[in-house]
Amino acid sequence: MSYYHFKPPGLQAHIFLKYDYQNSTKTILLHELIMFKDKNEIVKISKVKELKPTDTSNMAEQEILEKIERLFVDHFSGKLVDLFAEIQKLNVELDVKSKYKSEFAYNVLEFLIKVKPGETTSYYEIGSQIGSKAYRAIGNACRSNPIPLIVPCHRVLKRNGEIGGFMGKNSDNEWETNLKKEILMLEKAKL
DNA sequence: ACGCGCGTTCTAA
DNA sequence: TTAGAACGCGCGT
């Protein structure tokens with residue numbers, strides 16, 4: 001298990017990818033995307049999870065990671081990229097099934113990937129689409145999303161227009177909720 | 001501001 | 001392993 005770190009200019013967050021590189025197939029299996037306020041947190045997590053940094057001697061691996069980074073840089077510089085669709089065109093497999101194990105959570109995921117940059121939805125709307133009134137449970141499913149941004153849980157708002165929580169935090173003026181707002185602004189979504 | 005609803009996770013047998 | 005209590009990026013009143 002390895003990690004790759006970068007920071008898109010314009011976004012107030014560092015991005016940390018946790019992945020495995022399969023040498024035989026030259027593909028990357030992406031397990032997790034984590035966002036951090038500052039770089040120190042990244043060092044902490046990588047130690048705890050016993051992750052090795054990217055093997056910069058492996059050109060094929062490095063190349064895929066830089067392509068992924070480019071997509072994020074483009075996206076947050078205003079060129080609105082469908083990250084889920086574009087990353088699938090690279091030699092990357094998204095490891096969503098290990099976290100989205102229940103049928104319920106998988107339904108939420110399937111709906112989320114249809115929400116494109118600049119659009120928003122609500123927990124209520126997801127509920128009516130998947131035939132459930134468990135709005136809080138939908139929130140929990142979004143929270144367990146292993147790859148935020150790529151699976152766009154940040155585009156889900158409360159029905160009354162409030163921002164709602166993000167990455168475990170739900171009170172105003174937390175770094176996480178401000179980040180959610182910032183991302184949506186960069187995506188030029190109507191709030 | 002309070003009660004509700006319901007999938008998931010935690011906890012104690 | 002299994003029931004049941006507790007917990008939540010919410011909703012309606």
# chains A, B, ... in the order shown; residues from 1 in each chain; ligands from 1
$ select_by_dssp --residues "stretch 29-78 of chain A" --states "helix (DSSP H, G or I)" --output "number ranges by chain"
A: 39-48, 59-78
$ closest_atom_pairs --of "chain C" --to "chain A" --cutoff "6 Å" --atoms "only C-alpha atoms (C1' of nucleotides)" --output "JSON lines"
{"residue": "C:DG8", "atom": "C1'", "partner": "A:Arg136", "partner_atom": "CA", "distance": 5.9}
{"residue": "C:DC9", "atom": "C1'", "partner": "A:Gly165", "partner_atom": "CA", "distance": 3.1}
{"residue": "C:DG10", "atom": "C1'", "partner": "A:Arg136", "partner_atom": "CA", "distance": 5.1}
$ select_by_dssp --residues "stretch 57-169 of chain A" --states "strand (DSSP E)" --output "list in words"
Val92, Glu93, Leu94, Thr121, Ser122, Val156 and Leu157 of chain A
$ interface_residues --of "chain B" --to "chain A" --cutoff "8 Å" --atoms "only C-alpha atoms (C1' of nucleotides)" --output "number ranges by chain"
B: 5-8
$ write_last_selection --atoms "C-alpha atoms (C1' of nucleotides)" --output "compact mmCIF listing (two decimals), in the first residue's frame"
# COMPACT_ATOMS: atom_id res chain seq x y z
C1' DG B 5 -37.36 7.65 11.39
C1' DC B 6 -34.28 4.11 9.85
C1' DG B 7 -29.61 1.88 8.12
C1' DT B 8 -25.37 1.11 10.33
$ residues_around --residues "A:Glu187" --least-positions-apart "4" --cutoff "12 Å" --atoms "only C-alpha atoms (C1' of nucleotides)" --output "ChimeraX atom specification"
/A:10-11,72,74-82,116-120,149,152,154-155,180-183,191
$ atom_distance --atom1 "atom CA of A:Ala13" --atom2 "atom CA of A:Ile68"
16.1 Å
$ atom_distance --atom1 "atom CA of A:Lys101" --atom2 "atom CA of A:His14"
27.7 Å
$ residues_around --residues "A:Pro146" --least-positions-apart "5" --cutoff "12 Å" --atoms "only C-alpha atoms (C1' of nucleotides)" --output "PDB file with all heavy atoms, in the first residue's frame"
ATOM      1  N   PHE A  16      -4.593  13.393  -0.564  1.00  0.00           N
ATOM      2  CA  PHE A  16      -3.761  12.249  -0.217  1.00  0.00           C
ATOM      3  C   PHE A  16      -4.443  11.005  -0.786  1.00  0.00           C
ATOM      4  O   PHE A  16      -5.582  10.707  -0.436  1.00  0.00           O
ATOM      5  CB  PHE A  16      -3.692  12.218   1.306  1.00  0.00           C
ATOM      6  CG  PHE A  16      -2.993  11.072   1.943  1.00  0.00           C
ATOM      7  CD1 PHE A  16      -1.684  11.192   2.359  1.00  0.00           C
ATOM      8  CD2 PHE A  16      -3.674   9.896   2.206  1.00  0.00           C
ATOM      9  CE1 PHE A  16      -1.051  10.136   3.012  1.00  0.00           C
ATOM     10  CE2 PHE A  16      -3.045   8.844   2.858  1.00  0.00           C
ATOM     11  CZ  PHE A  16      -1.725   8.970   3.257  1.00  0.00           C
ATOM     12  N   LEU A  17      -3.767  10.332  -1.699  1.00  0.00           N
ATOM     13  CA  LEU A  17      -4.336   9.130  -2.319  1.00  0.00           C
ATOM     14  C   LEU A  17      -3.688   7.890  -1.735  1.00  0.00           C
ATOM     15  O   LEU A  17      -2.461   7.791  -1.679  1.00  0.00           O
ATOM     16  CB  LEU A  17      -4.097   9.144  -3.837  1.00  0.00           C
ATOM     17  CG  LEU A  17      -4.622  10.345  -4.627  1.00  0.00           C
ATOM     18  CD1 LEU A  17      -4.218  10.219  -6.087  1.00  0.00           C
ATOM     19  CD2 LEU A  17      -6.132  10.465  -4.493  1.00  0.00           C
ATOM     20  N   LYS A  18      -4.508   6.961  -1.307  1.00  0.00           N
ATOM     21  CA  LYS A  18      -4.003   5.690  -0.785  1.00  0.00           C
ATOM     22  C   LYS A  18      -4.318   4.618  -1.819  1.00  0.00           C
ATOM     23  O   LYS A  18      -5.479   4.443  -2.192  1.00  0.00           O
ATOM     24  CB  LYS A  18      -4.710   5.398   0.542  1.00  0.00           C
ATOM     25  CG  LYS A  18      -4.164   4.223   1.287  1.00  0.00           C
ATOM     26  CD  LYS A  18      -4.883   4.100   2.623  1.00  0.00           C
ATOM     27  CE  LYS A  18      -5.413   2.701   2.798  1.00  0.00           C
ATOM     28  NZ  LYS A  18      -6.296   2.595   3.965  1.00  0.00           N
ATOM     29  N   TYR A  19      -3.302   3.917  -2.306  1.00  0.00           N
ATOM     30  CA  TYR A  19      -3.520   3.022  -3.444  1.00  0.00           C
ATOM     31  C   TYR A  19      -2.558   1.841  -3.423  1.00  0.00           C
ATOM     32  O   TYR A  19      -1.597   1.816  -2.651  1.00  0.00           O
ATOM     33  CB  TYR A  19      -3.315   3.808  -4.742  1.00  0.00           C
ATOM     34  CG  TYR A  19      -1.883   4.201  -4.975  1.00  0.00           C
ATOM     35  CD1 TYR A  19      -1.058   3.402  -5.760  1.00  0.00           C
ATOM     36  CD2 TYR A  19      -1.345   5.334  -4.374  1.00  0.00           C
ATOM     37  CE1 TYR A  19       0.280   3.735  -5.956  1.00  0.00           C
ATOM     38  CE2 TYR A  19      -0.027   5.673  -4.571  1.00  0.00           C
ATOM     39  CZ  TYR A  19       0.786   4.882  -5.353  1.00  0.00           C
ATOM     40  OH  TYR A  19       2.101   5.207  -5.535  1.00  0.00           O
ATOM     41  N   LEU A  30      -7.231   2.311  -6.465  1.00  0.00           N
ATOM     42  CA  LEU A  30      -7.352   3.451  -5.559  1.00  0.00           C
ATOM     43  C   LEU A  30      -8.287   3.112  -4.403  1.00  0.00           C
ATOM     44  O   LEU A  30      -9.466   2.838  -4.604  1.00  0.00           O
ATOM     45  CB  LEU A  30      -7.870   4.666  -6.334  1.00  0.00           C
ATOM     46  CG  LEU A  30      -7.961   5.979  -5.573  1.00  0.00           C
ATOM     47  CD1 LEU A  30      -6.635   6.383  -4.983  1.00  0.00           C
ATOM     48  CD2 LEU A  30      -8.492   7.067  -6.489  1.00  0.00           C
ATOM     49  N   HIS A  31      -7.748   3.119  -3.186  1.00  0.00           N
ATOM     50  CA  HIS A  31      -8.527   2.720  -2.017  1.00  0.00           C
ATOM     51  C   HIS A  31      -9.217   3.892  -1.341  1.00  0.00           C
ATOM     52  O   HIS A  31     -10.328   3.760  -0.846  1.00  0.00           O
ATOM     53  CB  HIS A  31      -7.625   2.045  -0.977  1.00  0.00           C
ATOM     54  CG  HIS A  31      -7.013   0.778  -1.444  1.00  0.00           C
ATOM     55  ND1 HIS A  31      -7.753  -0.354  -1.674  1.00  0.00           N
ATOM     56  CD2 HIS A  31      -5.736   0.461  -1.752  1.00  0.00           C
ATOM     57  CE1 HIS A  31      -6.939  -1.328  -2.084  1.00  0.00           C
ATOM     58  NE2 HIS A  31      -5.723  -0.856  -2.142  1.00  0.00           N
ATOM     59  N   GLU A  32      -8.515   5.017  -1.283  1.00  0.00           N
ATOM     60  CA  GLU A  32      -9.011   6.091  -0.446  1.00  0.00           C
ATOM     61  C   GLU A  32      -8.477   7.439  -0.911  1.00  0.00           C
ATOM     62  O   GLU A  32      -7.342   7.533  -1.382  1.00  0.00           O
ATOM     63  CB  GLU A  32      -8.538   5.856   0.997  1.00  0.00           C
ATOM     64  CG  GLU A  32      -9.601   6.014   2.053  1.00  0.00           C
ATOM     65  CD  GLU A  32      -9.053   5.616   3.425  1.00  0.00           C
ATOM     66  OE1 GLU A  32      -8.406   4.555   3.551  1.00  0.00           O
ATOM     67  OE2 GLU A  32      -9.276   6.386   4.371  1.00  0.00           O
ATOM     68  N   LEU A  33      -9.315   8.464  -0.788  1.00  0.00           N
ATOM     69  CA  LEU A  33      -8.868   9.846  -0.992  1.00  0.00           C
ATOM     70  C   LEU A  33      -9.158  10.601   0.290  1.00  0.00           C
ATOM     71  O   LEU A  33     -10.295  10.623   0.757  1.00  0.00           O
ATOM     72  CB  LEU A  33      -9.602  10.489  -2.171  1.00  0.00           C
ATOM     73  CG  LEU A  33      -9.176  11.908  -2.572  1.00  0.00           C
ATOM     74  CD1 LEU A  33      -9.509  12.175  -4.029  1.00  0.00           C
ATOM     75  CD2 LEU A  33      -9.802  12.985  -1.701  1.00  0.00           C
ATOM     76  N   ILE A  34      -8.125  11.190   0.867  1.00  0.00           N
ATOM     77  CA  ILE A  34      -8.298  11.918   2.122  1.00  0.00           C
ATOM     78  C   ILE A  34      -7.852  13.357   1.917  1.00  0.00           C
ATOM     79  O   ILE A  34      -6.859  13.609   1.243  1.00  0.00           O
ATOM     80  CB  ILE A  34      -7.466  11.271   3.247  1.00  0.00           C
ATOM     81  CG1 ILE A  34      -7.744   9.766   3.306  1.00  0.00           C
ATOM     82  CG2 ILE A  34      -7.781  11.916   4.597  1.00  0.00           C
ATOM     83  CD1 ILE A  34      -6.849   9.014   4.266  1.00  0.00           C
ATOM     84  N   MET A  35      -8.613  14.301   2.484  1.00  0.00           N
ATOM     85  CA  MET A  35      -8.239  15.709   2.384  1.00  0.00           C
ATOM     86  C   MET A  35      -7.784  16.230   3.736  1.00  0.00           C
ATOM     87  O   MET A  35      -8.390  15.935   4.758  1.00  0.00           O
ATOM     88  CB  MET A  35      -9.413  16.525   1.860  1.00  0.00           C
ATOM     89  CG  MET A  35      -9.555  16.415   0.353  1.00  0.00           C
ATOM     90  SD  MET A  35     -10.892  17.395  -0.283  1.00  0.00           S
ATOM     91  CE  MET A  35     -12.282  16.359   0.115  1.00  0.00           C
ATOM     92  N   LEU A  94     -11.331   1.934  -9.071  1.00  0.00           N
ATOM     93  CA  LEU A  94     -11.756   2.532  -7.812  1.00  0.00           C
ATOM     94  C   LEU A  94     -12.263   1.449  -6.877  1.00  0.00           C
ATOM     95  O   LEU A  94     -13.157   0.683  -7.232  1.00  0.00           O
ATOM     96  CB  LEU A  94     -12.856   3.568  -8.072  1.00  0.00           C
ATOM     97  CG  LEU A  94     -12.468   4.695  -9.029  1.00  0.00           C
ATOM     98  CD1 LEU A  94     -13.666   5.588  -9.298  1.00  0.00           C
ATOM     99  CD2 LEU A  94     -11.313   5.497  -8.473  1.00  0.00           C
ATOM    100  N   ASP A  95     -11.690   1.417  -5.693  1.00  0.00           N
ATOM    101  CA  ASP A  95     -12.064   0.384  -4.728  1.00  0.00           C
ATOM    102  C   ASP A  95     -13.216   0.880  -3.867  1.00  0.00           C
ATOM    103  O   ASP A  95     -13.026   1.285  -2.741  1.00  0.00           O
ATOM    104  CB  ASP A  95     -10.859   0.040  -3.851  1.00  0.00           C
ATOM    105  CG  ASP A  95     -11.205  -0.971  -2.789  1.00  0.00           C
ATOM    106  OD1 ASP A  95     -12.150  -1.754  -3.003  1.00  0.00           O
ATOM    107  OD2 ASP A  95     -10.544  -0.975  -1.742  1.00  0.00           O
ATOM    108  N   VAL A  96     -14.423   0.880  -4.437  1.00  0.00           N
ATOM    109  CA  VAL A  96     -15.571   1.356  -3.667  1.00  0.00           C
ATOM    110  C   VAL A  96     -16.288   0.207  -2.974  1.00  0.00           C
ATOM    111  O   VAL A  96     -16.945   0.403  -1.956  1.00  0.00           O
ATOM    112  CB  VAL A  96     -16.582   2.129  -4.542  1.00  0.00           C
ATOM    113  CG1 VAL A  96     -16.027   3.475  -4.914  1.00  0.00           C
ATOM    114  CG2 VAL A  96     -16.962   1.337  -5.759  1.00  0.00           C
ATOM    115  N   LYS A  97     -16.135  -0.978  -3.513  1.00  0.00           N
ATOM    116  CA  LYS A  97     -16.948  -2.079  -3.001  1.00  0.00           C
ATOM    117  C   LYS A  97     -16.583  -2.501  -1.579  1.00  0.00           C
ATOM    118  O   LYS A  97     -17.426  -2.989  -0.842  1.00  0.00           O
ATOM    119  CB  LYS A  97     -16.858  -3.282  -3.949  1.00  0.00           C
ATOM    120  CG  LYS A  97     -17.679  -3.061  -5.206  1.00  0.00           C
ATOM    121  CD  LYS A  97     -17.635  -4.235  -6.165  1.00  0.00           C
ATOM    122  CE  LYS A  97     -18.434  -3.908  -7.428  1.00  0.00           C
ATOM    123  NZ  LYS A  97     -18.246  -4.924  -8.463  1.00  0.00           N
ATOM    124  N   SER A  98     -15.320  -2.296  -1.201  1.00  0.00           N
ATOM    125  CA  SER A  98     -14.930  -2.726   0.141  1.00  0.00           C
ATOM    126  C   SER A  98     -15.564  -1.862   1.219  1.00  0.00           C
ATOM    127  O   SER A  98     -15.771  -2.302   2.340  1.00  0.00           O
ATOM    128  CB  SER A  98     -13.412  -2.728   0.284  1.00  0.00           C
ATOM    129  OG  SER A  98     -12.897  -1.449   0.064  1.00  0.00           O
ATOM    130  N   LYS A  99     -15.892  -0.617   0.857  1.00  0.00           N
ATOM    131  CA  LYS A  99     -16.552   0.255   1.839  1.00  0.00           C
ATOM    132  C   LYS A  99     -18.067   0.269   1.634  1.00  0.00           C
ATOM    133  O   LYS A  99     -18.819   0.301   2.585  1.00  0.00           O
ATOM    134  CB  LYS A  99     -16.013   1.683   1.720  1.00  0.00           C
ATOM    135  CG  LYS A  99     -14.560   1.825   2.066  1.00  0.00           C
ATOM    136  CD  LYS A  99     -14.357   2.098   3.543  1.00  0.00           C
ATOM    137  CE  LYS A  99     -12.856   2.168   3.828  1.00  0.00           C
ATOM    138  NZ  LYS A  99     -12.538   2.434   5.209  1.00  0.00           N
ATOM    139  N   TYR A 100     -18.491   0.263   0.368  1.00  0.00           N
ATOM    140  CA  TYR A 100     -19.924   0.268   0.092  1.00  0.00           C
ATOM    141  C   TYR A 100     -20.413  -1.165   0.009  1.00  0.00           C
ATOM    142  O   TYR A 100     -20.715  -1.668  -1.063  1.00  0.00           O
ATOM    143  CB  TYR A 100     -20.201   1.001  -1.221  1.00  0.00           C
ATOM    144  CG  TYR A 100     -20.218   2.504  -1.069  1.00  0.00           C
ATOM    145  CD1 TYR A 100     -19.051   3.225  -0.996  1.00  0.00           C
ATOM    146  CD2 TYR A 100     -21.419   3.185  -0.989  1.00  0.00           C
ATOM    147  CE1 TYR A 100     -19.061   4.598  -0.849  1.00  0.00           C
ATOM    148  CE2 TYR A 100     -21.451   4.546  -0.839  1.00  0.00           C
ATOM    149  CZ  TYR A 100     -20.269   5.252  -0.774  1.00  0.00           C
ATOM    150  OH  TYR A 100     -20.293   6.609  -0.611  1.00  0.00           O
ATOM    151  N   LYS A 101     -20.503  -1.803   1.143  1.00  0.00           N
ATOM    152  CA  LYS A 101     -20.819  -3.223   1.112  1.00  0.00           C
ATOM    153  C   LYS A 101     -22.315  -3.485   1.098  1.00  0.00           C
ATOM    154  O   LYS A 101     -22.766  -4.438   0.496  1.00  0.00           O
ATOM    155  CB  LYS A 101     -20.162  -3.948   2.290  1.00  0.00           C
ATOM    156  CG  LYS A 101     -20.204  -3.192   3.581  1.00  0.00           C
ATOM    157  CD  LYS A 101     -19.215  -3.785   4.581  1.00  0.00           C
ATOM    158  CE  LYS A 101     -19.113  -2.865   5.791  1.00  0.00           C
ATOM    159  NZ  LYS A 101     -18.027  -3.188   6.683  1.00  0.00           N
ATOM    160  N   ALA A 105     -26.119   1.412   0.756  1.00  0.00           N
ATOM    161  CA  ALA A 105     -25.025   2.351   0.515  1.00  0.00           C
ATOM    162  C   ALA A 105     -24.645   2.365  -0.962  1.00  0.00           C
ATOM    163  O   ALA A 105     -24.282   3.412  -1.511  1.00  0.00           O
ATOM    164  CB  ALA A 105     -23.818   1.980   1.376  1.00  0.00           C
ATOM    165  N   LEU A 109     -24.384   5.465  -3.677  1.00  0.00           N
ATOM    166  CA  LEU A 109     -23.220   5.684  -4.541  1.00  0.00           C
ATOM    167  C   LEU A 109     -23.633   5.835  -5.999  1.00  0.00           C
ATOM    168  O   LEU A 109     -23.205   6.757  -6.694  1.00  0.00           O
ATOM    169  CB  LEU A 109     -22.250   4.517  -4.410  1.00  0.00           C
ATOM    170  CG  LEU A 109     -21.179   4.432  -5.494  1.00  0.00           C
ATOM    171  CD1 LEU A 109     -20.101   5.478  -5.274  1.00  0.00           C
ATOM    172  CD2 LEU A 109     -20.569   3.050  -5.564  1.00  0.00           C
ATOM    173  N   ALA A 141     -24.104   7.129   4.797  1.00  0.00           N
ATOM    174  CA  ALA A 141     -23.541   6.449   3.628  1.00  0.00           C
ATOM    175  C   ALA A 141     -22.580   7.387   2.898  1.00  0.00           C
ATOM    176  O   ALA A 141     -21.509   6.968   2.463  1.00  0.00           O
ATOM    177  CB  ALA A 141     -24.649   5.987   2.689  1.00  0.00           C
ATOM    178  N   VAL A 151     -16.255  10.493  -6.063  1.00  0.00           N
ATOM    179  CA  VAL A 151     -17.681  10.237  -5.821  1.00  0.00           C
ATOM    180  C   VAL A 151     -18.174  11.451  -5.042  1.00  0.00           C
ATOM    181  O   VAL A 151     -17.834  11.637  -3.887  1.00  0.00           O
ATOM    182  CB  VAL A 151     -17.902   8.946  -5.018  1.00  0.00           C
ATOM    183  CG1 VAL A 151     -19.370   8.797  -4.643  1.00  0.00           C
ATOM    184  CG2 VAL A 151     -17.437   7.746  -5.812  1.00  0.00           C
ATOM    185  N   PRO A 152     -18.949  12.317  -5.709  1.00  0.00           N
ATOM    186  CA  PRO A 152     -19.139  13.683  -5.218  1.00  0.00           C
ATOM    187  C   PRO A 152     -20.143  13.844  -4.084  1.00  0.00           C
ATOM    188  O   PRO A 152     -21.208  14.426  -4.269  1.00  0.00           O
ATOM    189  CB  PRO A 152     -19.601  14.431  -6.473  1.00  0.00           C
ATOM    190  CG  PRO A 152     -20.332  13.400  -7.261  1.00  0.00           C
ATOM    191  CD  PRO A 152     -19.642  12.092  -6.993  1.00  0.00           C
ATOM    192  N   CYS A 153     -19.790  13.376  -2.901  1.00  0.00           N
ATOM    193  CA  CYS A 153     -20.678  13.529  -1.750  1.00  0.00           C
ATOM    194  C   CYS A 153     -20.797  14.990  -1.330  1.00  0.00           C
ATOM    195  O   CYS A 153     -21.729  15.358  -0.626  1.00  0.00           O
ATOM    196  CB  CYS A 153     -20.184  12.681  -0.582  1.00  0.00           C
ATOM    197  SG  CYS A 153     -18.480  12.990  -0.151  1.00  0.00           S
ATOM    198  N   MET A 167     -17.431  15.292   5.732  1.00  0.00           N
ATOM    199  CA  MET A 167     -16.303  14.554   6.304  1.00  0.00           C
ATOM    200  C   MET A 167     -16.387  14.468   7.836  1.00  0.00           C
ATOM    201  O   MET A 167     -15.407  14.697   8.546  1.00  0.00           O
ATOM    202  CB  MET A 167     -14.978  15.187   5.876  1.00  0.00           C
ATOM    203  CG  MET A 167     -14.805  15.193   4.369  1.00  0.00           C
ATOM    204  SD  MET A 167     -13.119  15.440   3.807  1.00  0.00           S
ATOM    205  CE  MET A 167     -12.626  16.903   4.677  1.00  0.00           C
TER     206      MET A 167
END
$ atom_distance --atom1 "atom CA of A:Asn58" --atom2 "atom CA of A:Leu71"
20.5 Å
